[in-house]
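Asker: Take this structure first; my questions come after.
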Protein chains: 2
Amino acid sequence: MKSKHIPRATIQRLAVYLQVLEALHGEGVEVISSEALARACEVNPSQIRKDLAYFGEFGVRGVGYYVPNLIDSIKVSLGTDRIWRVALIGVGNLGRSLLRYQGFPKRGFKVVAAFDCDPFKIGEEIAGLEVMCPRRMKENVKDLSIEIGIITTPTDRAQRAANYLVESNIPSILNFSAARIHVPNHVHVEYVDFFHHLYALTFKLNAGEFQGHDSSPN
Amino acid sequence: MKSKHIPRATIQRLAVYLQVLEALHGEGVEVISSEALARACEVNPSQIRKDLAYFGEFGVRGVGYYVPNLIDSIKVSLGTDRIWRVALIGVGNLGRSLLRYQGFPKRGFKVVAAFDCDPFKIGEEIAGLEVMCPRRMKENVKDLSIEIGIITTPTDRAQRAANYLVESNIPSILNFSAARIHVPNHVHVEYVDFFHHLYALTFKLNAGEFQGHDSSPN
DNA sequence: CCGTGTGAAGTTCTTCACAGCC
DNA sequence: GGCTGTGAAGAACTTCACACGG
């Protein structure tokens with residue numbers, strides 16, 4: 001199986017497999033079957049084999065998957081076998097936290113530019129980066145080959161931030177603001193909002209009230 | 001259509017509709033058709049009607065949806081027509097940011113307890129909450145009727161944090177750590193990890209390289 | 001013999017198309 | 001006339017079941 005359309009859910013699961021595999025590798029696990037990995041990830045074993053099959057044949061029949069190999073293969077599949085260069089726009093609380101966050105490099109990302117339109121913030125240095133004016137984004141970013149823009153502005157500034165990123169030819173956007181943003185078709189957008197997950201919980205909790213709380217059937 | 005199984009994707013979309021509707025209401029929009037809302041949310045109009053139909057008949061044929069009504073109906077559907085009480089465990093950078101975050105009340109949540117096992121943090125006051133020892137969680141939480149626990153510990157402490165929450169009879173968990181956690185069946189878990197979204201972007205960017213960057217066909 | 005890789009079957013979710021109602 | 005609500009059709013995703021190969 002090769003180069004068909006790949007479900008979005010597959011990509012999300014690959015990210016989960018990767019995390020779990022790295023934890024297992026840290027514990028010294030060298031080989032794992034789809035069944036064991038499935039238990040750890042709480043998915044169906046066939047699902048794992050199918051997900052991996054989109055990208056190649058990484059396992060050994062009768063044996064399983066060699067963990068370090070599989071980690072590398074998934075990284076290649078997801079495109080995180082290299083460092084992606086990121087710009088951030090919106091240096092509020094969240095923006096600052098992300099700029100200071102240490103975990104980007106080992107996951108394959110590097111923040112190389114920060115923008116905010118507040119004159120009091122422009123020129124400030126955070127985590128080794130000087131905050132710049134977004135009006136000059138295009139020229140400042142030209143030689144940085146930035147592939148991802150992160151929006152951490154307030155809701156009402158998000159669309160303007162997106163416009164700056166698009167004008168600067170940044171081909172993809174991770175949007176932490178609560179606003180829906182509109183961009184040309186060739187620009188990829190992902191939304192991050194943990195309230196969506198909270199709503200998923202409140203919905204399930206509400207539903208559970210009618211069905212009664214029976215305990216785990218094990 | 002009533003009380004069938006409701007797709008998880010529907011819940012996520014309802015959260016999006018809610019955000020967009022609140023923005024529109026702020027702009028003075030009083031009535032909206034599924035088609036107009038669909039454009040704003042970038043989904044199919046039938047999808048919206050179907051999603052809403054799971055919960056009732058909120059529209060008027062020939063007219064559309066009355067925006068304030070629809071906002072209220074979606075809140076009831078998601079269970080955010082009231083305040084949910086939340087406990088947080090893990091007072092690191094992320095935990096502190098969340099404790100200080102002002103946006104919970106208007107989305108229907110209130111953080112009422114904070115825990116960390118670091119003796120230097122226990123007793124510290126953050127945003128009006130005293131950090132407590134998780135070993136005493138069960139007794140401290142008994143009369144707080146907490147329904148959601150948020151895990152913001154480092155990866156290697158996440159399972160222990162989850163155990164404390166489960167022992168304290170907190171029925172649902174929002175996990176910001178990178179660890180998969182294992183809990184009894186009756187406990188609901190949601191995972192928040194923005195790297196999943198970054199991987200979705202790197203995957204699409206990689207895929208695009210082979211197909212070439214053609215511009216928006218509009 | 002065991003676990004992967006994969007067509008086929010099964011299930012779930014989305015979109016269509018139109019009846020029903022304001 | 002216009003837009004919702006919804007059964008039916010269609011598309012997408014997941015699971016099964018077994019052939020294949022180490």
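Naming works like this for the structure tokens: A, B, ... for the chains as they're shown, residue 1 at the start of each chain, ligands 1 onward in shown order.
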Can I have chain A aligned to chain B? Use a least-squares fit on all Cα atoms paired in order and write it out as a PDB file with C-alpha atoms, in the first residue's frame.
Answerer:
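Printed below is result_1.pdb as written:
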```
ATOM      1  CA  MET A   1     -33.791  12.971  15.336  1.00  0.00           C
ATOM      2  CA  LYS A   2     -33.075  12.420  19.000  1.00  0.00           C
ATOM      3  CA  SER A   3     -30.697  10.689  21.430  1.00  0.00           C
ATOM      4  CA  LYS A   4     -28.767   8.559  18.948  1.00  0.00           C
ATOM      5  CA  HIS A   5     -25.054   8.186  19.278  1.00  0.00           C
ATOM      6  CA  ILE A   6     -23.415  11.553  18.677  1.00  0.00           C
ATOM      7  CA  PRO A   7     -20.124  11.644  16.753  1.00  0.00           C
ATOM      8  CA  ARG A   8     -17.184  13.082  18.571  1.00  0.00           C
ATOM      9  CA  ALA A   9     -16.526  15.323  15.592  1.00  0.00           C
ATOM     10  CA  THR A  10     -19.957  16.853  16.086  1.00  0.00           C
ATOM     11  CA  ILE A  11     -18.987  17.971  19.574  1.00  0.00           C
ATOM     12  CA  GLN A  12     -15.817  19.585  18.303  1.00  0.00           C
ATOM     13  CA  ARG A  13     -17.741  21.400  15.606  1.00  0.00           C
ATOM     14  CA  LEU A  14     -20.367  22.601  18.061  1.00  0.00           C
ATOM     15  CA  ALA A  15     -17.535  24.251  19.991  1.00  0.00           C
ATOM     16  CA  VAL A  16     -16.481  25.976  16.775  1.00  0.00           C
ATOM     17  CA  TYR A  17     -20.025  27.080  15.941  1.00  0.00           C
ATOM     18  CA  LEU A  18     -20.326  28.498  19.429  1.00  0.00           C
ATOM     19  CA  GLN A  19     -17.188  30.582  19.090  1.00  0.00           C
ATOM     20  CA  VAL A  20     -18.157  31.891  15.682  1.00  0.00           C
ATOM     21  CA  LEU A  21     -21.705  32.641  16.777  1.00  0.00           C
ATOM     22  CA  GLU A  22     -20.495  34.581  19.788  1.00  0.00           C
ATOM     23  CA  ALA A  23     -18.231  36.644  17.540  1.00  0.00           C
ATOM     24  CA  LEU A  24     -21.119  37.256  15.134  1.00  0.00           C
ATOM     25  CA  HIS A  25     -23.450  38.164  17.945  1.00  0.00           C
ATOM     26  CA  GLY A  26     -20.884  40.696  19.128  1.00  0.00           C
ATOM     27  CA  GLU A  27     -21.056  42.234  15.663  1.00  0.00           C
ATOM     28  CA  GLY A  28     -24.821  42.535  15.958  1.00  0.00           C
ATOM     29  CA  VAL A  29     -25.878  39.582  13.784  1.00  0.00           C
ATOM     30  CA  GLU A  30     -29.244  38.346  15.065  1.00  0.00           C
ATOM     31  CA  VAL A  31     -30.240  35.710  12.510  1.00  0.00           C
ATOM     32  CA  ILE A  32     -28.089  33.397  10.409  1.00  0.00           C
ATOM     33  CA  SER A  33     -28.669  30.620   7.884  1.00  0.00           C
ATOM     34  CA  SER A  34     -26.829  27.332   8.001  1.00  0.00           C
ATOM     35  CA  GLU A  35     -25.195  28.343   4.742  1.00  0.00           C
ATOM     36  CA  ALA A  36     -23.752  31.597   6.101  1.00  0.00           C
ATOM     37  CA  LEU A  37     -22.597  29.950   9.313  1.00  0.00           C
ATOM     38  CA  ALA A  38     -21.069  27.156   7.258  1.00  0.00           C
ATOM     39  CA  ARG A  39     -19.022  29.660   5.260  1.00  0.00           C
ATOM     40  CA  ALA A  40     -17.734  31.262   8.461  1.00  0.00           C
ATOM     41  CA  CYS A  41     -16.818  27.893   9.968  1.00  0.00           C
ATOM     42  CA  GLU A  42     -15.588  26.368   6.714  1.00  0.00           C
ATOM     43  CA  VAL A  43     -17.852  23.345   6.863  1.00  0.00           C
ATOM     44  CA  ASN A  44     -20.771  22.004   4.831  1.00  0.00           C
ATOM     45  CA  PRO A  45     -24.206  23.555   5.570  1.00  0.00           C
ATOM     46  CA  SER A  46     -25.852  20.132   5.852  1.00  0.00           C
ATOM     47  CA  GLN A  47     -23.252  19.226   8.397  1.00  0.00           C
ATOM     48  CA  ILE A  48     -24.371  22.086  10.603  1.00  0.00           C
ATOM     49  CA  ARG A  49     -28.035  21.217  10.294  1.00  0.00           C
ATOM     50  CA  LYS A  50     -27.295  17.569  11.033  1.00  0.00           C
ATOM     51  CA  ASP A  51     -25.102  18.408  14.012  1.00  0.00           C
ATOM     52  CA  LEU A  52     -27.786  20.623  15.506  1.00  0.00           C
ATOM     53  CA  ALA A  53     -30.521  18.104  14.760  1.00  0.00           C
ATOM     54  CA  TYR A  54     -28.928  15.663  17.205  1.00  0.00           C
ATOM     55  CA  PHE A  55     -29.999  17.990  19.986  1.00  0.00           C
ATOM     56  CA  GLY A  56     -33.277  19.442  18.798  1.00  0.00           C
ATOM     57  CA  GLU A  57     -34.914  21.757  16.283  1.00  0.00           C
ATOM     58  CA  PHE A  58     -33.427  25.158  16.845  1.00  0.00           C
ATOM     59  CA  GLY A  59     -34.100  26.839  13.500  1.00  0.00           C
ATOM     60  CA  VAL A  60     -37.063  28.382  11.714  1.00  0.00           C
ATOM     61  CA  ARG A  61     -37.765  27.110   8.206  1.00  0.00           C
ATOM     62  CA  GLY A  62     -37.437  29.734   5.528  1.00  0.00           C
ATOM     63  CA  VAL A  63     -35.610  32.012   7.980  1.00  0.00           C
ATOM     64  CA  GLY A  64     -32.599  30.477   9.691  1.00  0.00           C
ATOM     65  CA  TYR A  65     -31.383  30.420  13.259  1.00  0.00           C
ATOM     66  CA  TYR A  66     -31.890  33.168  15.816  1.00  0.00           C
ATOM     67  CA  VAL A  67     -28.326  33.710  16.982  1.00  0.00           C
ATOM     68  CA  PRO A  68     -28.789  34.301  20.740  1.00  0.00           C
ATOM     69  CA  ASN A  69     -31.128  31.309  20.949  1.00  0.00           C
ATOM     70  CA  LEU A  70     -28.720  29.119  19.067  1.00  0.00           C
ATOM     71  CA  ILE A  71     -25.842  30.142  21.326  1.00  0.00           C
ATOM     72  CA  ASP A  72     -27.874  29.145  24.360  1.00  0.00           C
ATOM     73  CA  SER A  73     -28.981  25.888  22.779  1.00  0.00           C
ATOM     74  CA  ILE A  74     -25.442  24.881  21.897  1.00  0.00           C
ATOM     75  CA  LYS A  75     -24.294  25.724  25.409  1.00  0.00           C
ATOM     76  CA  VAL A  76     -26.968  23.462  26.814  1.00  0.00           C
ATOM     77  CA  SER A  77     -26.009  20.730  24.345  1.00  0.00           C
ATOM     78  CA  LEU A  78     -22.346  20.905  25.296  1.00  0.00           C
ATOM     79  CA  GLY A  79     -23.154  21.215  28.980  1.00  0.00           C
ATOM     80  CA  THR A  80     -21.630  24.668  29.383  1.00  0.00           C
ATOM     81  CA  ASP A  81     -24.765  26.411  30.499  1.00  0.00           C
ATOM     82  CA  ARG A  82     -23.350  26.123  34.000  1.00  0.00           C
ATOM     83  CA  ILE A  83     -20.016  26.369  35.820  1.00  0.00           C
ATOM     84  CA  TRP A  84     -17.871  23.221  36.066  1.00  0.00           C
ATOM     85  CA  ARG A  85     -15.446  22.960  38.955  1.00  0.00           C
ATOM     86  CA  VAL A  86     -11.889  22.047  38.126  1.00  0.00           C
ATOM     87  CA  ALA A  87      -8.775  20.940  40.039  1.00  0.00           C
ATOM     88  CA  LEU A  88      -5.290  21.342  38.634  1.00  0.00           C
ATOM     89  CA  ILE A  89      -2.299  19.175  39.457  1.00  0.00           C
ATOM     90  CA  GLY A  90       1.230  20.211  38.523  1.00  0.00           C
ATOM     91  CA  VAL A  91       2.191  23.808  39.239  1.00  0.00           C
ATOM     92  CA  GLY A  92       5.007  24.301  36.722  1.00  0.00           C
ATOM     93  CA  ASN A  93       5.097  26.940  34.005  1.00  0.00           C
ATOM     94  CA  LEU A  94       2.028  25.670  32.231  1.00  0.00           C
ATOM     95  CA  GLY A  95       0.102  25.034  35.445  1.00  0.00           C
ATOM     96  CA  ARG A  96       0.791  28.541  36.692  1.00  0.00           C
ATOM     97  CA  SER A  97      -0.282  30.077  33.391  1.00  0.00           C
ATOM     98  CA  LEU A  98      -3.557  28.193  33.524  1.00  0.00           C
ATOM     99  CA  LEU A  99      -4.175  29.139  37.151  1.00  0.00           C
ATOM    100  CA  ARG A 100      -3.702  32.794  36.209  1.00  0.00           C
ATOM    101  CA  TYR A 101      -5.690  32.537  33.008  1.00  0.00           C
ATOM    102  CA  GLN A 102      -8.722  34.831  33.113  1.00  0.00           C
ATOM    103  CA  GLY A 103     -10.784  33.149  30.419  1.00  0.00           C
ATOM    104  CA  PHE A 104     -12.265  30.207  32.330  1.00  0.00           C
ATOM    105  CA  PRO A 105     -15.411  31.775  33.800  1.00  0.00           C
ATOM    106  CA  LYS A 106     -16.954  32.993  30.553  1.00  0.00           C
ATOM    107  CA  ARG A 107     -16.408  29.559  29.021  1.00  0.00           C
ATOM    108  CA  GLY A 108     -18.084  27.818  31.942  1.00  0.00           C
ATOM    109  CA  PHE A 109     -15.219  26.654  34.170  1.00  0.00           C
ATOM    110  CA  LYS A 110     -13.721  27.563  37.524  1.00  0.00           C
ATOM    111  CA  VAL A 111     -10.437  26.298  38.942  1.00  0.00           C
ATOM    112  CA  VAL A 112     -11.029  25.688  42.645  1.00  0.00           C
ATOM    113  CA  ALA A 113      -7.978  23.710  43.779  1.00  0.00           C
ATOM    114  CA  ALA A 114      -4.295  23.362  42.866  1.00  0.00           C
ATOM    115  CA  PHE A 115      -1.875  20.569  43.768  1.00  0.00           C
ATOM    116  CA  ASP A 116       1.848  19.944  43.493  1.00  0.00           C
ATOM    117  CA  CYS A 117       4.092  17.509  45.321  1.00  0.00           C
ATOM    118  CA  ASP A 118       7.063  19.911  45.483  1.00  0.00           C
ATOM    119  CA  PRO A 119       7.365  20.961  49.175  1.00  0.00           C
ATOM    120  CA  PHE A 120       8.622  24.380  48.099  1.00  0.00           C
ATOM    121  CA  LYS A 121       5.442  25.009  46.184  1.00  0.00           C
ATOM    122  CA  ILE A 122       3.011  23.659  48.782  1.00  0.00           C
ATOM    123  CA  GLY A 123       1.458  26.575  50.613  1.00  0.00           C
ATOM    124  CA  GLU A 124       2.275  29.059  47.871  1.00  0.00           C
ATOM    125  CA  GLU A 125      -0.699  31.119  46.774  1.00  0.00           C
ATOM    126  CA  ILE A 126      -1.426  31.543  43.065  1.00  0.00           C
ATOM    127  CA  ALA A 127      -4.422  33.450  41.758  1.00  0.00           C
ATOM    128  CA  GLY A 128      -6.093  33.137  45.150  1.00  0.00           C
ATOM    129  CA  LEU A 129      -5.526  29.384  45.462  1.00  0.00           C
ATOM    130  CA  GLU A 130      -3.202  27.731  47.932  1.00  0.00           C
ATOM    131  CA  VAL A 131      -1.113  24.955  46.426  1.00  0.00           C
ATOM    132  CA  MET A 132      -1.806  21.708  48.284  1.00  0.00           C
ATOM    133  CA  CYS A 133      -0.096  18.349  48.627  1.00  0.00           C
ATOM    134  CA  PRO A 134      -1.653  15.766  46.273  1.00  0.00           C
ATOM    135  CA  ARG A 135      -1.404  13.095  48.966  1.00  0.00           C
ATOM    136  CA  ARG A 136      -4.203  14.924  50.719  1.00  0.00           C
ATOM    137  CA  MET A 137      -6.192  15.446  47.567  1.00  0.00           C
ATOM    138  CA  LYS A 138      -8.970  13.047  48.426  1.00  0.00           C
ATOM    139  CA  GLU A 139      -9.868  14.678  51.733  1.00  0.00           C
ATOM    140  CA  ASN A 140      -9.320  18.215  50.462  1.00  0.00           C
ATOM    141  CA  VAL A 141     -11.500  17.697  47.452  1.00  0.00           C
ATOM    142  CA  LYS A 142     -14.338  15.794  49.071  1.00  0.00           C
ATOM    143  CA  ASP A 143     -16.617  18.766  49.583  1.00  0.00           C
ATOM    144  CA  LEU A 144     -15.592  20.730  46.499  1.00  0.00           C
ATOM    145  CA  SER A 145     -17.608  18.604  44.040  1.00  0.00           C
ATOM    146  CA  ILE A 146     -14.899  18.739  41.439  1.00  0.00           C
ATOM    147  CA  GLU A 147     -15.786  17.245  38.079  1.00  0.00           C
ATOM    148  CA  ILE A 148     -12.643  17.796  36.035  1.00  0.00           C
ATOM    149  CA  GLY A 149      -8.961  17.329  36.854  1.00  0.00           C
ATOM    150  CA  ILE A 150      -6.293  19.026  34.748  1.00  0.00           C
ATOM    151  CA  ILE A 151      -2.868  17.375  34.634  1.00  0.00           C
ATOM    152  CA  THR A 152       0.021  19.754  33.965  1.00  0.00           C
ATOM    153  CA  THR A 153       2.810  17.719  35.530  1.00  0.00           C
ATOM    154  CA  PRO A 154       5.982  16.588  33.750  1.00  0.00           C
ATOM    155  CA  THR A 155       5.531  13.468  31.635  1.00  0.00           C
ATOM    156  CA  ASP A 156       6.939  11.037  34.189  1.00  0.00           C
ATOM    157  CA  ARG A 157       4.576  12.226  36.942  1.00  0.00           C
ATOM    158  CA  ALA A 158       1.416  12.185  34.903  1.00  0.00           C
ATOM    159  CA  GLN A 159       0.294   8.663  35.759  1.00  0.00           C
ATOM    160  CA  ARG A 160       0.706   9.293  39.476  1.00  0.00           C
ATOM    161  CA  ALA A 161      -1.265  12.516  39.131  1.00  0.00           C
ATOM    162  CA  ALA A 162      -3.989  10.598  37.319  1.00  0.00           C
ATOM    163  CA  ASN A 163      -4.075   8.046  40.132  1.00  0.00           C
ATOM    164  CA  TYR A 164      -4.624  10.787  42.691  1.00  0.00           C
ATOM    165  CA  LEU A 165      -7.466  12.239  40.629  1.00  0.00           C
ATOM    166  CA  VAL A 166      -9.107   8.837  40.239  1.00  0.00           C
ATOM    167  CA  GLU A 167      -8.795   8.070  43.961  1.00  0.00           C
ATOM    168  CA  SER A 168     -10.429  11.386  44.674  1.00  0.00           C
ATOM    169  CA  ASN A 169     -13.415  10.350  42.544  1.00  0.00           C
ATOM    170  CA  ILE A 170     -12.890  13.040  39.962  1.00  0.00           C
ATOM    171  CA  PRO A 171     -14.719  11.638  36.943  1.00  0.00           C
ATOM    172  CA  SER A 172     -12.812  13.248  34.086  1.00  0.00           C
ATOM    173  CA  ILE A 173      -9.296  14.349  33.204  1.00  0.00           C
ATOM    174  CA  LEU A 174      -7.741  16.840  30.817  1.00  0.00           C
ATOM    175  CA  ASN A 175      -4.152  15.757  30.317  1.00  0.00           C
ATOM    176  CA  PHE A 176      -1.633  18.336  29.074  1.00  0.00           C
ATOM    177  CA  SER A 177       1.357  16.074  29.659  1.00  0.00           C
ATOM    178  CA  ALA A 178       2.919  14.046  26.885  1.00  0.00           C
ATOM    179  CA  ALA A 179       2.200  10.771  28.714  1.00  0.00           C
ATOM    180  CA  ARG A 180      -0.608   8.370  27.907  1.00  0.00           C
ATOM    181  CA  ILE A 181      -2.399   7.672  31.156  1.00  0.00           C
ATOM    182  CA  HIS A 182      -4.367   4.611  32.179  1.00  0.00           C
ATOM    183  CA  VAL A 183      -7.541   4.970  34.241  1.00  0.00           C
ATOM    184  CA  PRO A 184     -10.676   2.924  34.966  1.00  0.00           C
ATOM    185  CA  ASN A 185     -13.290   2.838  32.194  1.00  0.00           C
ATOM    186  CA  HIS A 186     -15.681   5.160  33.930  1.00  0.00           C
ATOM    187  CA  VAL A 187     -13.154   8.003  33.916  1.00  0.00           C
ATOM    188  CA  HIS A 188     -13.073  10.180  30.789  1.00  0.00           C
ATOM    189  CA  VAL A 189      -9.712  11.404  29.519  1.00  0.00           C
ATOM    190  CA  GLU A 190      -8.873  14.032  26.922  1.00  0.00           C
ATOM    191  CA  TYR A 191      -5.370  14.758  25.689  1.00  0.00           C
ATOM    192  CA  VAL A 192      -4.092  18.218  24.766  1.00  0.00           C
ATOM    193  CA  ASP A 193      -0.840  18.374  22.834  1.00  0.00           C
ATOM    194  CA  PHE A 194      -0.187  21.127  20.348  1.00  0.00           C
ATOM    195  CA  PHE A 195       2.672  19.151  18.822  1.00  0.00           C
ATOM    196  CA  HIS A 196       0.056  16.898  17.277  1.00  0.00           C
ATOM    197  CA  HIS A 197      -1.107  19.928  15.324  1.00  0.00           C
ATOM    198  CA  LEU A 198       2.438  20.874  14.403  1.00  0.00           C
ATOM    199  CA  TYR A 199       2.966  17.376  13.037  1.00  0.00           C
ATOM    200  CA  ALA A 200      -0.214  17.719  11.008  1.00  0.00           C
ATOM    201  CA  LEU A 201       1.364  20.822   9.460  1.00  0.00           C
ATOM    202  CA  THR A 202       4.771  19.298   8.801  1.00  0.00           C
ATOM    203  CA  PHE A 203       3.093  16.307   7.229  1.00  0.00           C
ATOM    204  CA  LYS A 204       1.046  18.491   4.891  1.00  0.00           C
ATOM    205  CA  LEU A 205       4.059  20.638   4.063  1.00  0.00           C
ATOM    206  CA  ASN A 206       6.072  17.556   3.181  1.00  0.00           C
ATOM    207  CA  ALA A 207       3.247  16.174   1.064  1.00  0.00           C
ATOM    208  CA  GLY A 208       2.922  19.507  -0.721  1.00  0.00           C
ATOM    209  CA  GLU A 209       6.538  19.456  -1.819  1.00  0.00           C
ATOM    210  CA  PHE A 210       5.850  16.580  -4.175  1.00  0.00           C
ATOM    211  CA  GLN A 211       2.627  17.974  -5.603  1.00  0.00           C
ATOM    212  CA  GLY A 212       4.036  21.469  -6.148  1.00  0.00           C
ATOM    213  CA  HIS A 213       2.652  24.713  -4.713  1.00  0.00           C
ATOM    214  CA  ASP A 214      -0.118  25.808  -7.004  1.00  0.00           C
ATOM    215  CA  SER A 215      -1.911  28.908  -5.850  1.00  0.00           C
ATOM    216  CA  SER A 216      -5.511  29.216  -4.793  1.00  0.00           C
ATOM    217  CA  PRO A 217      -7.725  28.228  -7.718  1.00  0.00           C
ATOM    218  CA  ASN A 218     -10.043  31.235  -7.122  1.00  0.00           C
TER     219      ASN A 218
END
```
Asker: Kindly assemble as JSON lines a list of the chain D residues that lie within 10 Å of chain A, each paired with its nearest atom pair and their distance in Å to one decimal, using only C-alpha atoms (C1' of nucleotides), sorted first by chain and then by ascending residue number.
Answerer:
```
{"residue": "D:DA12", "atom": "C1'", "partner": "A:Pro7", "partner_atom": "CA", "distance": 8.4}
{"residue": "D:DC13", "atom": "C1'", "partner": "A:Pro7", "partner_atom": "CA", "distance": 7.7}
{"residue": "D:DT14", "atom": "C1'", "partner": "A:Gln47", "partner_atom": "CA", "distance": 7.0}
{"residue": "D:DT15", "atom": "C1'", "partner": "A:Ser46", "partner_atom": "CA", "distance": 7.0}
{"residue": "D:DC16", "atom": "C1'", "partner": "A:Ser46", "partner_atom": "CA", "distance": 8.7}
{"residue": "D:DC20", "atom": "C1'", "partner": "A:Arg61", "partner_atom": "CA", "distance": 8.6}
{"residue": "D:DG21", "atom": "C1'", "partner": "A:Arg61", "partner_atom": "CA", "distance": 6.3}
{"residue": "D:DG22", "atom": "C1'", "partner": "A:Arg61", "partner_atom": "CA", "distance": 5.9}
```
Asker: Produce a file of the selected residues containing N, CA, C and O atoms (P, O5', C5', C4', C3', O3' and C1' of nucleotides), as a short mmCIF file (atom, residue, chain, number, x, y, z; two decimals), in the first residue's frame.
Answerer:
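The new file part_22.cif reads:
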```cif
data_model
loop_
_atom_site.label_atom_id
_atom_site.label_comp_id
_atom_site.auth_asym_id
_atom_site.auth_seq_id
_atom_site.Cartn_x
_atom_site.Cartn_y
_atom_site.Cartn_z
P DA D 12 -13.93 10.29 0.05
"O5'" DA D 12 -13.71 9.85 1.56
"C5'" DA D 12 -14.28 10.63 2.60
"C4'" DA D 12 -14.08 9.90 3.91
"C3'" DA D 12 -12.66 9.33 4.07
"O3'" DA D 12 -12.12 9.84 5.27
"C1'" DA D 12 -14.30 7.68 4.56
P DC D 13 -10.63 9.52 5.68
"O5'" DC D 13 -10.86 8.44 6.83
"C5'" DC D 13 -11.77 8.74 7.88
"C4'" DC D 13 -12.11 7.47 8.62
"C3'" DC D 13 -10.88 6.70 9.14
"O3'" DC D 13 -11.00 6.60 10.55
"C1'" DC D 13 -12.46 5.25 8.12
P DT D 14 -9.88 5.78 11.38
"O5'" DT D 14 -10.60 4.38 11.61
"C5'" DT D 14 -11.87 4.35 12.24
"C4'" DT D 14 -12.32 2.91 12.41
"C3'" DT D 14 -11.32 2.00 13.14
"O3'" DT D 14 -12.05 1.34 14.15
"C1'" DT D 14 -11.96 1.02 11.08
P DT D 15 -11.34 0.36 15.19
"O5'" DT D 15 -11.65 -1.08 14.61
"C5'" DT D 15 -13.00 -1.51 14.53
"C4'" DT D 15 -13.06 -2.82 13.78
"C3'" DT D 15 -12.17 -3.93 14.36
"O3'" DT D 15 -13.03 -5.01 14.72
"C1'" DT D 15 -11.93 -3.79 11.99
P DC D 16 -12.46 -6.40 15.26
"O5'" DC D 16 -12.54 -7.32 13.96
"C5'" DC D 16 -13.72 -7.26 13.17
"C4'" DC D 16 -13.59 -8.18 11.96
"C3'" DC D 16 -12.95 -9.53 12.25
"O3'" DC D 16 -13.72 -10.51 11.56
"C1'" DC D 16 -11.78 -8.46 10.50
P DC D 20 -0.73 -16.19 -0.36
"O5'" DC D 20 0.41 -15.52 0.52
"C5'" DC D 20 0.60 -14.10 0.48
"C4'" DC D 20 1.73 -13.75 1.43
"C3'" DC D 20 3.02 -14.56 1.21
"O3'" DC D 20 4.04 -13.63 0.89
"C1'" DC D 20 2.44 -14.46 3.53
P DG D 21 5.45 -14.12 0.32
"O5'" DG D 21 6.40 -13.94 1.59
"C5'" DG D 21 6.40 -12.70 2.30
"C4'" DG D 21 7.17 -12.88 3.60
"C3'" DG D 21 8.45 -13.70 3.45
"O3'" DG D 21 9.44 -13.06 4.21
"C1'" DG D 21 7.10 -14.66 5.11
P DG D 22 10.97 -13.22 3.95
"O5'" DG D 22 11.54 -13.36 5.42
"C5'" DG D 22 11.52 -12.21 6.29
"C4'" DG D 22 11.46 -12.69 7.72
"C3'" DG D 22 12.72 -13.45 8.16
"O3'" DG D 22 13.19 -12.91 9.38
"C1'" DG D 22 10.77 -14.74 8.61
#
```
Asker: Report as a ChimeraX atom specification: the residues of region 55-189 of chain B with a DSSP assignment of alpha helix (DSSP H), based on the backbone of this structure.
Answerer: /B:67-78,93-100,104-107,137-141,158-167
Asker: When DSSP works through the backbone of this structure, what residues of region 122-186 of chain A end up as strand (DSSP E), shown as number ranges by chain?
Answerer: A: 125-126, 129-132, 148-151, 172-175
Asker: Can you pull out every residue within 12 Å of DC18 (chain D), counting only C-alpha atoms (C1' of nucleotides), but drop anything in the same chain fewer than 3 positions away, and send it as a count of residues only?
Answerer: 5
Asker: Produce a table with one row for each residue of chain C that has an atom at most 10 Å from any atom of chain B, each row naming the nearest atom pair and its distance in Å at one decimal; use only C-alpha atoms (C1' of nucleotides); arrange rows by chain and rising residue number; format as a Markdown table.
Answerer:
```
| residue | atom | partner | partner_atom | distance |
| --- | --- | --- | --- | --- |
| C:DT12 | C1' | B:Pro7 | CA | 8.4 |
| C:DC13 | C1' | B:Pro7 | CA | 7.6 |
| C:DT14 | C1' | B:Gln47 | CA | 7.0 |
| C:DT15 | C1' | B:Ser46 | CA | 7.0 |
| C:DC16 | C1' | B:Ser46 | CA | 8.7 |
| C:DG20 | C1' | B:Arg61 | CA | 8.8 |
| C:DC21 | C1' | B:Arg61 | CA | 5.9 |
| C:DC22 | C1' | B:Arg61 | CA | 5.5 |
```
Asker: Please report the interatomic distance between C1' of DA9 (chain D) and C1' of DA19 (chain C) in Å with one decimal.
Answerer: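 Taking C1' of DA9 (chain D) and C1' of DA19 (chain C), their separation equals 16.5 Å.
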Asker: Report the distance between C1' of DA19 (chain D) and C1' of DT11 (chain C) in Å, rounded to one decimal place.
Answerer: 24.2 Å
